[in-house]
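Reviewing the structure listed below.
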Amino acid sequence: MSAAIGTLVLSGSLLVGAAPASAALAPSCVYLSQWQTTSWYGAITSHARATNHCSTTKRFRMIWAWASDGDCRSVAAGLGYSETRGGWPPKVTELRSC
């Protein structure tokens, strides 16, 4: 019985680590750039811009480390969008298809 429970726990932890098919990365033709700005009074803002260099509209979202993730966006070919988060160290760790 305990061996079966151990197997279930192990299997569950392996599944948690695997990304579901709906969480695939955005295609490589979607480019990400990031930078930070500092206001005159010292406030830091983290910026990210995703630009769709694909030939068709793509749907994706920004996944931020140390901040809330962005909403799913439809971005036409040749266009982009930006998001910002206050402070440091927020940064986008990936662009995820949605």
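In the structure tokens, chains take letters A, B, ... by order of appearance, with residues numbered from 1 within each chain and ligands from 1 in the order shown.
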
*Enumerate as a count of residues only all residues of range 12-80 of chain A assigned to helix (DSSP H, G or I) by DSSP on the backbone, naming them with the chain letters and numbers the document uses.*
9

*Determine, counting only C-alpha atoms, which protein, DNA and RNA residues have an atom within 9 Å of an atom of range 59-69 of chain A; residues of the same chain fewer than 2 positions away are not included. Present the result as a list in words.*
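Close residues of range 59-69 of chain A: Leu25, Ala26, Ala48, Ala50, Thr57, Asp71, Cys72, Arg73, Ser74, Val75, Ala76, Glu83, Arg85, Gly86, Trp88, Pro89, Pro90, Lys91, Val92, Thr93, Glu94, Leu95, Arg96, Ser97 and Cys98 of chain A.
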
_For His53 in chain A, the nearest of the candidates A:Gly87, A:Ser28, A:Trp35, A:Ala23, counting only C-alpha atoms_ =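 Between A:Gly87, A:Ser28, A:Trp35, A:Ala23, the residue approaching His53 in chain A most closely is A:Ser28.
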
*Between CA of Leu79 in chain A and CA of Val30 in chain A, what is the spacing in Å?*
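Calculated distance between CA of Val30 in chain A and CA of Leu79 in chain A is 9.9 Å.
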
*Work out how far apart CA of Pro27 in chain A and CA of Tyr81 in chain A are and give it in Å to one decimal.*
15.8 Å
